[in-house]
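Engineer: Take a look at start.cif, mmCIF, C-alpha atoms and all ligand atoms:
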```
data_protein
loop_
_atom_site.group_PDB
_atom_site.id
_atom_site.type_symbol
_atom_site.label_atom_id
_atom_site.label_comp_id
_atom_site.auth_asym_id
_atom_site.auth_seq_id
_atom_site.Cartn_x
_atom_site.Cartn_y
_atom_site.Cartn_z
ATOM 1 C CA MET A 165 -58.087 34.892 -70.407
ATOM 2 C CA LEU A 166 -54.906 36.455 -69.088
ATOM 3 C CA TYR A 167 -53.643 37.039 -72.594
ATOM 4 C CA LYS A 168 -56.903 38.655 -73.662
ATOM 5 C CA LEU A 169 -56.870 41.120 -70.805
ATOM 6 C CA TYR A 170 -53.256 42.073 -71.423
ATOM 7 C CA ASN A 171 -54.052 42.561 -75.052
ATOM 8 C CA MET A 172 -56.833 44.924 -74.088
ATOM 9 C CA SER A 173 -54.573 47.077 -71.960
ATOM 10 C CA SER A 174 -51.880 47.292 -74.597
ATOM 11 C CA ALA A 175 -54.543 48.338 -77.100
ATOM 12 C CA VAL A 176 -55.384 51.241 -74.802
ATOM 13 C CA VAL A 177 -51.732 52.242 -74.623
ATOM 14 C CA THR A 178 -51.327 51.955 -78.397
ATOM 15 C CA PHE A 179 -54.340 54.188 -78.815
ATOM 16 C CA PHE A 180 -52.705 56.880 -76.698
ATOM 17 C CA LEU A 181 -49.414 56.587 -78.522
ATOM 18 C CA GLU A 182 -51.075 56.844 -81.891
ATOM 19 C CA SER A 183 -53.376 59.658 -80.913
ATOM 20 C CA ARG A 184 -50.536 62.197 -80.932
ATOM 21 C CA PRO A 185 -48.554 61.505 -84.094
ATOM 22 C CA THR A 186 -47.974 65.172 -84.983
ATOM 23 C CA GLN A 187 -46.407 66.067 -81.661
ATOM 24 C CA SER A 188 -44.008 63.156 -81.498
ATOM 25 C CA ARG A 189 -42.894 63.689 -85.123
ATOM 26 C CA HIS A 190 -41.936 67.264 -84.261
ATOM 27 C CA SER A 191 -40.397 66.512 -80.904
ATOM 28 C CA ILE A 192 -37.786 64.037 -82.182
ATOM 29 C CA PRO A 193 -35.664 66.532 -84.205
ATOM 30 C CA ASN A 194 -36.049 69.061 -81.386
ATOM 31 C CA VAL A 195 -34.608 66.664 -78.855
ATOM 32 C CA ARG A 196 -31.712 65.868 -81.202
ATOM 33 C CA ASN A 197 -30.931 69.576 -81.699
ATOM 34 C CA ILE A 198 -30.877 70.199 -77.977
ATOM 35 C CA CYS A 199 -28.596 67.229 -77.392
ATOM 36 C CA MET A 200 -26.073 68.366 -80.006
ATOM 37 C CA SER A 201 -25.893 72.070 -79.147
ATOM 38 C CA ALA A 202 -24.342 73.908 -76.224
ATOM 39 C CA PRO A 203 -26.140 73.648 -72.881
ATOM 40 C CA GLN A 204 -29.010 76.060 -72.576
ATOM 41 C CA THR A 205 -30.274 77.535 -69.372
ATOM 42 C CA LEU A 206 -33.592 76.240 -68.183
ATOM 43 C CA SER A 207 -35.720 78.567 -66.157
ATOM 44 C CA PRO A 208 -37.360 77.150 -63.035
ATOM 45 C CA ALA A 209 -40.718 78.480 -64.266
ATOM 46 C CA GLU A 210 -40.366 76.607 -67.574
ATOM 47 C CA ALA A 211 -39.429 73.376 -65.829
ATOM 48 C CA GLU A 212 -42.272 73.764 -63.387
ATOM 49 C CA THR A 213 -44.810 74.418 -66.134
ATOM 50 C CA ALA A 214 -43.586 71.463 -68.204
ATOM 51 C CA LEU A 215 -43.751 69.091 -65.261
ATOM 52 C CA LEU A 216 -47.120 70.426 -64.184
ATOM 53 C CA GLU A 217 -48.534 69.965 -67.677
ATOM 54 C CA LEU A 218 -47.064 66.478 -67.854
ATOM 55 C CA ASP A 219 -48.567 65.615 -64.501
ATOM 56 C CA GLN A 220 -51.993 66.833 -65.614
ATOM 57 C CA GLU A 221 -51.750 64.973 -68.904
ATOM 58 C CA LEU A 222 -50.715 61.733 -67.185
ATOM 59 C CA ASN A 223 -53.566 62.104 -64.733
ATOM 60 C CA ARG A 224 -55.998 62.468 -67.613
ATOM 61 C CA LEU A 225 -54.550 59.409 -69.362
ATOM 62 C CA GLN A 226 -54.628 57.385 -66.173
ATOM 63 C CA ARG A 227 -58.233 58.346 -65.620
ATOM 64 C CA THR A 228 -59.069 57.207 -69.160
ATOM 65 C CA ILE A 229 -57.250 53.916 -68.558
ATOM 66 C CA ARG A 230 -59.116 53.401 -65.279
ATOM 67 C CA LEU A 231 -62.452 54.080 -66.973
ATOM 68 C CA ALA A 232 -61.609 51.695 -69.835
ATOM 69 C CA ILE A 233 -60.661 48.915 -67.418
ATOM 70 C CA GLN A 234 -63.683 49.572 -65.238
ATOM 71 C CA GLY A 235 -65.982 49.613 -68.273
ATOM 72 C CA GLN A 236 -64.808 46.195 -69.445
ATOM 73 C CA LEU A 237 -64.793 44.633 -65.983
ATOM 74 C CA SER A 238 -68.302 45.887 -65.268
ATOM 75 C CA LYS A 239 -69.547 43.440 -67.907
ATOM 76 C CA MET A 240 -68.668 40.610 -65.531
ATOM 77 C CA VAL A 241 -70.234 42.062 -62.392
ATOM 78 C CA GLY A 242 -72.899 39.780 -60.937
ATOM 79 C CA ARG A 243 -71.685 36.867 -63.052
ATOM 80 C CA SER A 244 -69.253 34.003 -62.585
ATOM 81 C CA PHE A 245 -68.044 30.716 -64.000
ATOM 82 C CA ASP A 246 -69.552 27.560 -62.596
ATOM 83 C CA ASN A 247 -66.239 26.119 -61.509
ATOM 84 C CA LEU A 248 -63.616 27.129 -59.004
ATOM 85 C CA LYS A 249 -60.607 26.895 -61.312
ATOM 86 C CA GLN A 250 -61.994 29.296 -63.908
ATOM 87 C CA ASN A 251 -63.166 31.756 -61.279
ATOM 88 C CA ARG A 252 -59.707 31.710 -59.703
ATOM 89 C CA GLU A 253 -58.067 32.290 -63.059
ATOM 90 C CA LEU A 254 -60.433 35.156 -63.756
ATOM 91 C CA ALA A 255 -59.645 36.824 -60.414
ATOM 92 C CA GLU A 256 -55.921 36.285 -61.001
ATOM 93 C CA SER A 257 -56.112 37.758 -64.524
ATOM 94 C CA ILE A 258 -57.977 40.790 -63.218
ATOM 95 C CA HIS A 259 -55.385 41.245 -60.500
ATOM 96 C CA GLN A 260 -52.442 40.960 -62.920
ATOM 97 C CA LEU A 261 -54.011 43.486 -65.246
ATOM 98 C CA LEU A 262 -54.745 45.976 -62.463
ATOM 99 C CA ASP A 263 -51.342 45.477 -60.882
ATOM 100 C CA SER A 264 -49.599 46.271 -64.166
ATOM 101 C CA HIS A 265 -51.332 49.658 -64.054
ATOM 102 C CA GLY A 266 -50.628 50.242 -60.360
ATOM 103 C CA LEU A 267 -54.244 49.647 -59.424
ATOM 104 C CA ARG A 268 -56.221 47.745 -56.827
ATOM 105 C CA VAL A 269 -59.905 47.133 -56.308
ATOM 106 C CA CYS A 270 -61.688 49.000 -53.581
ATOM 107 C CA CYS A 271 -63.171 46.724 -50.891
ATOM 108 C CA LEU A 272 -66.931 47.211 -50.898
ATOM 109 C CA GLU A 273 -67.122 46.571 -47.158
ATOM 110 C CA CYS A 274 -64.416 48.801 -45.759
ATOM 111 C CA GLY A 275 -63.077 50.838 -48.695
ATOM 112 C CA HIS A 276 -59.469 49.656 -48.361
ATOM 113 C CA PRO A 277 -57.477 48.864 -51.515
ATOM 114 C CA ALA A 278 -57.670 45.109 -51.987
ATOM 115 C CA ILE A 279 -56.775 42.209 -54.262
ATOM 116 C CA LEU A 280 -59.727 40.327 -55.678
ATOM 117 C CA ARG A 281 -59.379 36.610 -55.037
ATOM 118 C CA VAL A 282 -61.546 33.535 -55.189
ATOM 119 C CA SER A 283 -61.678 31.456 -52.093
ATOM 120 C CA PRO A 284 -63.057 27.902 -52.044
ATOM 121 C CA ARG A 285 -66.091 27.528 -49.866
ATOM 122 C CA GLY A 286 -67.558 24.080 -49.356
ATOM 123 C CA ASN A 287 -67.658 22.305 -52.694
ATOM 124 C CA SER A 288 -68.936 25.370 -54.518
ATOM 125 C CA SER A 289 -67.351 27.202 -57.438
ATOM 126 C CA GLY A 290 -65.811 29.560 -54.889
ATOM 127 C CA VAL A 291 -66.560 33.006 -53.571
ATOM 128 C CA PHE A 292 -65.020 36.354 -54.539
ATOM 129 C CA VAL A 293 -63.244 37.980 -51.627
ATOM 130 C CA PHE A 294 -61.316 41.193 -51.048
ATOM 131 C CA ASP A 295 -57.860 40.363 -49.729
ATOM 132 C CA HIS A 296 -56.217 43.244 -47.873
ATOM 133 C CA THR A 297 -54.152 44.136 -44.856
ATOM 134 C CA ILE A 298 -55.968 46.114 -42.201
ATOM 135 C CA ALA A 299 -54.063 47.318 -39.130
ATOM 136 C CA GLY A 300 -51.191 45.018 -40.077
ATOM 137 C CA LYS A 301 -53.414 41.957 -40.317
ATOM 138 C CA ARG A 302 -54.359 40.090 -43.472
ATOM 139 C CA THR A 303 -58.128 40.334 -43.756
ATOM 140 C CA PHE A 304 -60.729 38.983 -46.170
ATOM 141 C CA HIS A 305 -64.028 40.716 -46.827
ATOM 142 C CA GLY A 306 -66.864 40.008 -49.198
ATOM 143 C CA GLY A 307 -67.742 36.455 -50.153
ATOM 144 C CA ARG A 308 -70.247 36.683 -52.983
ATOM 145 C CA LYS A 309 -70.513 33.933 -55.542
ATOM 146 C CA THR A 310 -70.259 36.391 -58.430
ATOM 147 C CA VAL A 311 -67.839 39.129 -59.509
ATOM 148 C CA PRO A 312 -68.476 42.084 -57.193
ATOM 149 C CA LEU A 313 -68.823 45.694 -58.270
ATOM 150 C CA ILE A 314 -65.331 46.872 -59.166
ATOM 151 C CA ARG A 315 -64.128 50.313 -58.173
ATOM 152 C CA LEU A 316 -60.505 50.993 -58.924
ATOM 153 C CA VAL A 317 -58.094 52.687 -56.575
ATOM 154 C CA ALA A 318 -54.369 53.370 -56.692
ATOM 155 C CA LYS A 319 -52.142 50.640 -55.327
ATOM 156 C CA PRO A 320 -50.914 51.748 -51.901
ATOM 157 C CA PRO A 321 -47.149 52.188 -51.443
ATOM 158 C CA ARG A 322 -45.314 49.127 -50.184
ATOM 159 C CA LYS A 323 -43.351 50.907 -47.477
ATOM 160 C CA SER A 324 -44.404 50.753 -43.877
ATOM 161 C CA ARG A 325 -45.987 53.833 -42.364
ATOM 162 C CA GLN A 326 -42.783 54.785 -40.543
ATOM 163 C CA THR A 327 -40.559 54.573 -43.635
ATOM 164 C CA LEU A 328 -43.125 56.519 -45.590
ATOM 165 C CA ALA A 329 -43.130 59.363 -43.047
ATOM 166 C CA GLU A 330 -39.344 59.561 -43.198
ATOM 167 C CA SER A 331 -39.114 59.613 -46.986
ATOM 168 C CA SER A 332 -41.951 62.106 -47.488
ATOM 169 C CA ASN A 333 -39.604 64.961 -46.583
ATOM 170 C CA GLY A 334 -37.216 64.225 -49.434
HETATM 171 ZN ZN ZN B 401 -62.461 45.353 -46.609
#
```
Before anything else, please render the file you have as structure tokens.
Structural biologist:
Amino acid sequence: MLYKLYNMSSAVVTFFLESRPTQSRHSIPNVRNICMSAPQTLSPAEAETALLELDQELNRLQRTIRLAIQGQLSKMVGRSFDNLKQNRELAESIHQLLDSHGLRVCCLECGHPAILRVSPRGNSSGVFVFDHTIAGKRTFHGGRKTVPLIRLVAKPPRKSRQTLAESSNG
């Protein structure tokens, strides 16, 4: 399962890489020329435009990746395996895949970014829970027997709130 999901995400990346063959073919000699020749002055406006365009392009690509992941995962919503081990592996595979793209699932109860996990309950095949930290405390929400609706959100930064406030100036 894990392998399949990884394969899917690399297929998405390959698609993006292959979708712009003309540009990359042209950009390689350009880069080489610039490296070999004397330093050229870069205008702040040029740099700003390039970075802005890159930012917009990456946002578009990330949105496409999110939609692709969400589209595939939605096929499992409302369904589950009938044993705990497989459900746990499924939740773990989903988490690994999302984590590799800097994503989390959105808790359906409180909206916080969360990790989807399967928690044993009684002798059942387990329940899907949202694992997250709220006000510094590890909290679990949810508890359905099937894969919940998956909405993707960006993974929150690891730093504490204080460190984040300090580094946001730089
Ligand atoms: Zn929650």
Engineer: So which one's closest to Gly266 (chain A), A:Val291, A:Leu225, A:Ala299, A:Val317? Using only C-alpha atoms, please.
Structural biologist: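 Using only C-alpha atoms, the shortest distance to Gly266 (chain A) belongs to A:Val317.
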Engineer: Between A:Pro277, A:Pro312, A:Gly290, A:Pro208, which is the closest to ligand ZN 401 (chain B) once you count only C-alpha atoms and all ligand atoms?
Structural biologist: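 Nearest candidate to ligand ZN 401 (chain B) out of A:Pro277, A:Pro312, A:Gly290, A:Pro208: A:Pro277.
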Engineer: Could you tell me which residues the PyMOL selection byres (((not hetatm)) within 8 of (chain B and resi 401)) grabs in this file, written as a list of chain:residue names?
Structural biologist: A:Cys270, A:Cys271, A:Leu272, A:Glu273, A:Cys274, A:Gly275, A:His276, A:Pro277, A:Ala278, A:Phe294, A:Asp295, A:His296, A:Ile298, A:Thr303, A:Phe304, A:His305, A:Gly306
Engineer: Got time to write the residues from that selection, C-alpha atoms, as a PDB file, in the frame of the given file?
Structural biologist:
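Written out: selection.pdb:
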```
ATOM      1  CA  CYS A 270     -61.688  49.000 -53.581  1.00  0.00           C
ATOM      2  CA  CYS A 271     -63.171  46.724 -50.891  1.00  0.00           C
ATOM      3  CA  LEU A 272     -66.931  47.211 -50.898  1.00  0.00           C
ATOM      4  CA  GLU A 273     -67.122  46.571 -47.158  1.00  0.00           C
ATOM      5  CA  CYS A 274     -64.416  48.801 -45.759  1.00  0.00           C
ATOM      6  CA  GLY A 275     -63.077  50.838 -48.695  1.00  0.00           C
ATOM      7  CA  HIS A 276     -59.469  49.656 -48.361  1.00  0.00           C
ATOM      8  CA  PRO A 277     -57.477  48.864 -51.515  1.00  0.00           C
ATOM      9  CA  ALA A 278     -57.670  45.109 -51.987  1.00  0.00           C
ATOM     10  CA  PHE A 294     -61.316  41.193 -51.048  1.00  0.00           C
ATOM     11  CA  ASP A 295     -57.860  40.363 -49.729  1.00  0.00           C
ATOM     12  CA  HIS A 296     -56.217  43.244 -47.873  1.00  0.00           C
ATOM     13  CA  ILE A 298     -55.968  46.114 -42.201  1.00  0.00           C
ATOM     14  CA  THR A 303     -58.128  40.334 -43.756  1.00  0.00           C
ATOM     15  CA  PHE A 304     -60.729  38.983 -46.170  1.00  0.00           C
ATOM     16  CA  HIS A 305     -64.028  40.716 -46.827  1.00  0.00           C
ATOM     17  CA  GLY A 306     -66.864  40.008 -49.198  1.00  0.00           C
TER      18      GLY A 306
END
```
Engineer: When you count all atoms listed in the file, which of these residues is closest to Pro320 (chain A): A:Val269, A:Arg302, A:Leu254, A:Leu231?
Structural biologist: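 Distance minimum relative to Pro320 (chain A) lands on A:Val269.
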Engineer: Could you tell me how far CA of Gly307 (chain A) sits from CA of Gln260 (chain A), in Å to one decimal place?
Structural biologist: 20.4 Å
Engineer: Could you state the separation of CA of Thr310 (chain A) and CA of Gly235 (chain A) in Å, given to one decimal place?
Structural biologist: 17.0 Å
Engineer: In the coordinate frame of the file, compute which residues have an atom within 12 Å of (-59.4, 29.1, -61.2) when using only C-alpha atoms, and state them as a list in words.
Structural biologist: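 Checking each residue against the 12 Å limit leaves Met165, Leu166, Ser244, Phe245, Asp246, Asn247, Leu248, Lys249, Gln250, Asn251, Arg252, Glu253, Leu254, Ala255, Glu256, Ser257, Ile258, Arg281, Val282, Ser283, Pro284, Ser289, Gly290, Val291 and Phe292 of chain A.
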Engineer: Between A:Ser238, A:Ile229, A:Val311, A:Ala202, which has the minimum distance to Ser264 (chain A) (counting all atoms listed in the file)?
Structural biologist: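 Answer, going by the shortest atom-to-atom distance: A:Ile229.
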Engineer: CA of Leu262 (chain A) and CA of Ala232 (chain A) are how many Å apart?
Structural biologist: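 Those two atoms sit 11.6 Å apart.
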